[in-house]
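Structure file target20.cif; described as mmCIF, C-alpha atoms.
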data_upload
loop_
_atom_site.label_atom_id
_atom_site.label_comp_id
_atom_site.auth_asym_id
_atom_site.auth_seq_id
_atom_site.Cartn_x
_atom_site.Cartn_y
_atom_site.Cartn_z
CA MET W 187 7.07 -1.83 16.71
CA VAL W 188 3.56 -1.24 17.95
CA PRO W 189 1.48 -4.45 17.85
CA LEU W 190 -1.86 -4.58 16.10
CA THR W 191 -4.18 -5.93 18.79
CA SER W 192 -7.24 -6.92 16.75
CA LEU W 193 -8.20 -7.75 13.18
CA GLU W 194 -11.58 -8.75 11.79
CA ILE W 195 -11.81 -11.23 8.92
CA GLY W 196 -14.99 -12.21 7.11
CA TRP W 197 -16.27 -14.93 4.80
CA THR W 198 -19.28 -16.08 2.81
CA LYS W 199 -21.09 -19.20 3.99
CA PRO W 200 -20.53 -22.31 1.83
CA SER W 201 -22.90 -22.59 -1.13
CA SER W 202 -23.50 -26.28 -0.32
CA VAL W 203 -23.61 -27.75 3.18
CA GLY W 204 -24.95 -31.20 2.26
CA CYS W 205 -27.94 -32.49 4.19
CA LEU W 206 -26.54 -31.57 7.62
CA PRO W 207 -26.44 -28.06 9.07
CA ILE W 208 -23.16 -26.29 9.82
CA LEU W 209 -22.23 -26.65 13.49
CA SER W 210 -19.26 -24.29 13.53
CA TYR W 211 -16.33 -22.84 11.62
CA THR W 212 -12.70 -23.52 12.37
CA ILE W 213 -10.23 -20.67 11.87
CA ASN W 214 -6.65 -21.59 11.03
CA LYS W 215 -4.03 -18.92 11.67
CA ASN W 216 -0.50 -19.46 10.39
CA GLY W 217 -1.08 -23.23 10.16
CA ILE W 218 -2.60 -23.65 13.64
CA ASP W 219 -6.32 -24.19 14.26
CA THR W 220 -7.89 -21.88 16.84
CA GLU W 221 -8.68 -23.45 20.20
CA PHE W 222 -12.37 -22.68 19.88
CA ASP W 223 -14.93 -22.98 17.13
CA VAL W 224 -16.83 -20.05 15.67
CA SER W 225 -20.65 -20.01 15.76
CA PRO W 226 -22.44 -21.50 12.71
CA THR W 227 -24.29 -18.21 12.15
CA ALA W 228 -21.11 -16.12 12.11
CA THR W 229 -19.51 -14.74 8.97
CA THR W 230 -16.80 -12.75 10.74
CA TYR W 231 -14.10 -13.46 13.29
CA THR W 232 -12.10 -10.98 15.34
CA ASP W 233 -8.55 -12.09 16.08
CA LEU W 234 -7.50 -10.39 19.32
CA VAL W 235 -3.79 -11.23 19.08
CA VAL W 236 -2.53 -10.37 15.62
CA GLY W 237 1.13 -9.30 15.49
CA LYS W 238 3.35 -6.33 14.86
CA ILE W 239 3.56 -3.99 11.88
CA GLY W 240 5.09 -5.80 8.92
CA ASP W 241 4.15 -9.33 10.07
CA LYS W 242 2.42 -11.55 7.53
CA VAL W 243 -0.52 -13.54 8.91
CA THR W 244 -2.23 -16.36 6.99
CA TYR W 245 -5.86 -17.30 7.67
CA LYS W 246 -7.91 -20.26 6.37
CA ILE W 247 -11.47 -21.19 7.35
CA LYS W 248 -13.46 -24.42 7.15
CA ALA W 249 -17.05 -25.35 7.96
CA VAL W 250 -17.84 -28.24 10.32
CA ASN W 251 -21.02 -30.37 10.58
CA PHE W 252 -21.89 -33.76 12.20
CA ALA W 253 -20.28 -35.60 9.27
CA GLY W 254 -16.93 -33.83 9.75
CA SER W 255 -14.98 -30.87 8.42
CA GLY W 256 -15.10 -29.40 4.94
CA GLU W 257 -11.99 -28.32 3.07
CA TYR W 258 -10.18 -25.16 4.14
CA SER W 259 -10.82 -22.01 2.16
CA GLU W 260 -8.03 -20.65 0.02
CA PRO W 261 -5.50 -18.98 2.33
CA VAL W 262 -5.64 -15.23 2.79
CA VAL W 263 -2.32 -13.59 3.63
CA ILE W 264 -2.56 -10.25 5.39
CA THR W 265 0.41 -7.97 5.99
CA ILE W 266 -0.15 -6.04 9.21
CA GLY W 267 -0.09 -2.32 8.52
CA GLN W 268 -0.73 -0.14 5.50
CA VAL W 269 1.31 1.42 2.76
CA PRO W 270 1.61 5.19 3.20
CA SER W 271 -0.90 7.58 1.74
CA ALA W 272 0.13 9.19 -1.54
CA PRO W 273 2.05 12.46 -1.24
CA VAL W 274 -0.01 15.60 -1.84
CA ASP W 275 0.53 19.20 -2.97
CA LEU W 276 3.28 18.37 -5.50
CA ALA W 277 4.57 21.72 -6.80
CA VAL W 278 7.50 23.50 -8.45
CA LEU W 279 9.54 25.17 -5.73
CA LYS W 280 12.16 26.82 -7.95
CA ILE W 281 13.45 26.78 -11.53
CA VAL W 282 17.17 26.34 -10.98
CA SER W 283 18.23 26.42 -14.65
CA LYS W 284 16.98 25.41 -18.12
CA THR W 285 17.62 21.77 -17.25
CA GLU W 286 16.98 21.77 -13.47
CA ILE W 287 13.70 22.22 -11.62
CA GLN W 288 13.26 21.88 -7.86
CA ILE W 289 10.01 20.25 -6.73
CA THR W 290 8.38 19.82 -3.33
CA TRP W 291 5.48 17.86 -1.83
CA GLU W 292 3.73 17.13 1.46
CA GLN W 293 3.30 13.78 3.18
CA GLY W 294 -0.18 12.28 2.76
CA ALA W 295 -2.46 11.25 5.65
CA SER W 296 -1.03 11.19 9.14
CA ILE W 297 0.85 8.27 10.62
CA SER W 298 -1.10 5.88 12.83
CA ILE W 299 -0.67 2.47 14.41
CA VAL W 300 -1.46 0.75 11.12
CA ASN W 301 0.14 3.37 8.84
CA PRO W 302 3.81 3.35 9.87
CA LEU W 303 6.31 6.10 9.21
CA THR W 304 7.25 6.90 5.62
CA THR W 305 10.89 5.86 5.18
CA SER W 306 11.61 7.13 1.65
CA TYR W 307 10.17 8.59 -1.53
CA LYS W 308 10.35 7.55 -5.18
CA ILE W 309 10.09 10.13 -7.95
CA PHE W 310 8.82 9.12 -11.39
CA LEU W 311 9.07 11.05 -14.68
CA ASP W 312 6.91 10.50 -17.75
CA ASP W 313 8.46 12.22 -20.76
CA GLY W 314 5.50 11.51 -23.04
CA SER W 315 7.45 8.98 -25.13
CA GLY W 316 4.85 6.27 -24.52
CA ASN W 317 6.92 4.34 -21.97
CA GLY W 318 4.86 5.62 -19.04
CA PRO W 319 6.31 6.89 -15.76
CA GLN W 320 9.90 5.76 -15.17
CA LEU W 321 11.69 5.70 -11.82
CA TYR W 322 13.88 8.80 -11.73
CA TYR W 323 15.03 8.89 -8.11
CA ASP W 324 14.72 6.68 -5.02
CA SER W 325 15.64 8.40 -1.74
CA ALA W 326 16.24 5.10 0.11
CA PRO W 327 18.40 4.66 2.15
CA ARG W 328 19.42 8.32 2.22
CA ALA W 329 17.91 10.98 4.42
CA LEU W 330 14.21 11.61 3.93
CA ALA W 331 13.28 14.97 2.45
CA ASN W 332 10.29 16.38 0.61
CA ILE W 333 12.31 18.57 -1.76
CA TYR W 334 14.26 17.34 -4.75
CA THR W 335 15.99 18.95 -7.74
CA LEU W 336 15.29 17.23 -11.04
CA SER W 337 18.33 17.65 -13.27
CA ASN W 338 19.49 16.73 -16.78
CA LEU W 339 16.06 17.58 -18.17
CA VAL W 340 15.90 18.13 -21.93
CA THR W 341 15.29 21.78 -22.79
CA GLY W 342 11.88 22.24 -24.43
CA ASN W 343 10.46 18.94 -23.15
CA SER W 344 7.47 18.58 -20.84
CA TYR W 345 7.37 15.96 -18.11
CA ASP W 346 4.69 14.60 -15.80
CA VAL W 347 6.19 14.08 -12.35
CA THR W 348 4.67 11.81 -9.68
CA VAL W 349 5.94 10.87 -6.23
CA LYS W 350 5.28 7.72 -4.18
CA ALA W 351 5.83 7.38 -0.44
CA VAL W 352 7.42 4.15 0.83
CA ASN W 353 7.35 2.45 4.24
CA GLU W 354 8.18 -1.04 5.51
CA ILE W 355 4.88 -2.36 4.12
CA GLY W 356 5.29 -1.06 0.56
CA GLU W 357 4.68 1.86 -1.81
CA SER W 358 1.77 4.29 -1.88
CA THR W 359 -0.23 5.03 -4.98
CA PRO W 360 1.33 7.86 -7.00
CA SER W 361 0.66 11.49 -6.17
CA ASN W 362 -1.38 13.51 -8.60
CA PRO W 363 0.89 14.35 -11.55
CA LEU W 364 2.66 17.70 -11.85
CA THR W 365 3.50 18.83 -15.39
CA ILE W 366 6.80 20.66 -15.69
CA HIS W 367 8.43 22.29 -18.73
CA ALA W 368 12.22 22.32 -19.00
CA GLY W 369 13.99 25.39 -20.34
CA VAL W 370 10.98 27.04 -21.88
CA VAL W 371 12.01 30.43 -23.25
CA PRO W 372 9.70 33.26 -24.32
CA SER W 373 8.28 33.11 -27.84
CA GLN W 374 9.47 35.47 -30.59
CA ILE W 375 8.30 39.08 -30.31
#
Whole structure given in structure tokens:
Amino acid sequence: MVPLTSLEIGWTKPSSVGCLPILSYTINKNGIDTEFDVSPTATTYTDLVVGKIGDKVTYKIKAVNFAGSGEYSEPVVITIGQVPSAPVDLAVLKIVSKTEIQITWEQGASISIVNPLTTSYKIFLDDGSGNGPQLYYDSAPRALANIYTLSNLVTGNSYDVTVKAVNEIGESTPSNPLTIHAGVVPSQI
């Protein structure tokens, strides 16, 4: 895994500092205080040694004055990396039969150091029954492909199809929906 070499965190200064000015801030990373204090005028900190994709890092911050240290902030847990971008260009590739439609899509934004490789896709169908999109197919752990044949569709029904990309960090937002119509035959002449 490629390590993430820097990460900037930010905070808002305390609303009350008592009668003494803030001398510094102490940053706590994964339960260990940093070896140096951050300037009292700072509201950001850049961590130069973060971790590898998928690591969870916990940060807490406290203000320090001549009287001592304040309480730590609520912890912030950051997972290194990003979920994939939503798939794009969802389209019907082929109508296989009245109850089978083959769809295709393209991967979203390109892979980068913080956006690791897409490992699988999840396909959701919304049949309009009021239950919302339901998981129809999960490609994990099978081979990754951007073509899938939806089968056992009910003739005459319409469906909204969405696809999510998945990587080791989590799931993308859904693709834009594609409306498909199963087994639609021509109207009477």
| message | as an MDAnalysis selection string, please: the residues near segment 267-274 of chain W (cut-off 8 Å, all atoms listed in the file, same-chain neighbours under 2 positions excluded). | response | chainID W and resid 239:240 265 276 291:295 299:304 349:362
Please produce an output containing C-alpha atoms for each residue in the selection, written as a short mmCIF file (atom, residue, chain, number, x, y, z; two decimals), keeping the file's coordinate frame.
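Generated output (out.cif):
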data_model
loop_
_atom_site.label_atom_id
_atom_site.label_comp_id
_atom_site.auth_asym_id
_atom_site.auth_seq_id
_atom_site.Cartn_x
_atom_site.Cartn_y
_atom_site.Cartn_z
CA ILE W 239 3.56 -3.99 11.88
CA GLY W 240 5.09 -5.80 8.92
CA THR W 265 0.41 -7.97 5.99
CA LEU W 276 3.28 18.37 -5.50
CA TRP W 291 5.48 17.86 -1.83
CA GLU W 292 3.73 17.13 1.46
CA GLN W 293 3.30 13.78 3.18
CA GLY W 294 -0.18 12.28 2.76
CA ALA W 295 -2.46 11.25 5.65
CA ILE W 299 -0.67 2.47 14.41
CA VAL W 300 -1.46 0.75 11.12
CA ASN W 301 0.14 3.37 8.84
CA PRO W 302 3.81 3.35 9.87
CA LEU W 303 6.31 6.10 9.21
CA THR W 304 7.25 6.90 5.62
CA VAL W 349 5.94 10.87 -6.23
CA LYS W 350 5.28 7.72 -4.18
CA ALA W 351 5.83 7.38 -0.44
CA VAL W 352 7.42 4.15 0.83
CA ASN W 353 7.35 2.45 4.24
CA GLU W 354 8.18 -1.04 5.51
CA ILE W 355 4.88 -2.36 4.12
CA GLY W 356 5.29 -1.06 0.56
CA GLU W 357 4.68 1.86 -1.81
CA SER W 358 1.77 4.29 -1.88
CA THR W 359 -0.23 5.03 -4.98
CA PRO W 360 1.33 7.86 -7.00
CA SER W 361 0.66 11.49 -6.17
CA ASN W 362 -1.38 13.51 -8.60
#
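Residues matching the PyMOL selection byres ((chain W and resi 364) around 12) in this structure come to W:Pro273, W:Val274, W:Asp275, W:Leu276, W:Ala277, W:Val278, W:Leu279, W:Ile287, W:Ile289, W:Thr290, W:Trp291, W:Ile309, W:Phe310, W:Leu311, W:Asp312, W:Asp313, W:Ser344, W:Tyr345, W:Asp346, W:Val347, W:Thr348, W:Val349, W:Pro360, W:Ser361, W:Asn362, W:Pro363, W:Thr365, W:Ile366, W:His367.
Counting from atom CA of Thr305 of chain W, the distance to atom CA of Thr285 of chain W is 28.3 Å.
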Decode the PyMOL selection byres ((chain W and resi 225-228) around 8) for the given file into explicit residues and return them as a compact mmCIF listing (two decimals) with C-alpha atoms, keeping the file's coordinate frame.
# COMPACT_ATOMS: atom_id res chain seq x y z
CA ILE W 208 -23.16 -26.29 9.82
CA LEU W 209 -22.23 -26.65 13.49
CA SER W 210 -19.26 -24.29 13.53
CA TYR W 211 -16.33 -22.84 11.62
CA ASP W 223 -14.93 -22.98 17.13
CA VAL W 224 -16.83 -20.05 15.67
CA THR W 229 -19.51 -14.74 8.97
CA THR W 230 -16.80 -12.75 10.74
CA TYR W 231 -14.10 -13.46 13.29
| query | Using only C-alpha atoms, which residue out of W:Ser259, W:Lys242, W:Thr212, W:Tyr307 lies closest to Ala331 of chain W? | reply | W:Tyr307
For the structure shown, which residues end up in the PyMOL selection byres ((chain W and resi 340) around 8)? Put them as a tab-separated table (two decimals) with C-alpha atoms, keeping the file's coordinate frame, please?
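Below is the file that was written, out_39.tsv:
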chain	number	residue	atom	x	y	z
W	285	THR	CA	17.62	21.77	-17.25
W	338	ASN	CA	19.49	16.73	-16.78
W	339	LEU	CA	16.06	17.58	-18.17
W	341	THR	CA	15.29	21.78	-22.79
W	342	GLY	CA	11.88	22.24	-24.43
W	343	ASN	CA	10.46	18.94	-23.15
W	368	ALA	CA	12.22	22.32	-19.00
W	369	GLY	CA	13.99	25.39	-20.34
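The closest residue to Lys280 of chain W, picked from W:Val243, W:Leu336, W:Ala249, W:Ile266 and counting all atoms listed in the file, is W:Leu336.
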| message | From the options W:Phe252, W:Asp324, W:Tyr334, W:Pro261, which residue's atoms come nearest to Gln288 of chain W, counting all atoms listed in the file? | response | W:Tyr334
With 6 Å on each side, where is the centre of the axis-aligned box around all listed atoms of segment 340-359 of chain W, and how long are its edges in Å to one decimal, as JSON?
{"center_x": 7.8, "center_y": 9.9, "center_z": -9.5, "size_x": 28.1, "size_y": 36.6, "size_z": 41.9}
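Distance-wise, atom CA of Glu286 of chain W and atom CA of Ser315 of chain W end up 19.8 Å apart.
Reported to one decimal place, the separation of atom CA of Leu193 of chain W from atom CA of Pro207 of chain W is 27.6 Å.
Nearest to Asp233 of chain W of all the residues W:Ile281, W:Val263, W:Leu321, W:Ile213 is W:Ile213, based on all atoms listed in the file.
In this comparison, which uses only C-alpha atoms, the residue of W:Lys284, W:Ile195, W:Pro319, W:Ser325 approaching Leu234 of chain W most closely is W:Ile195.
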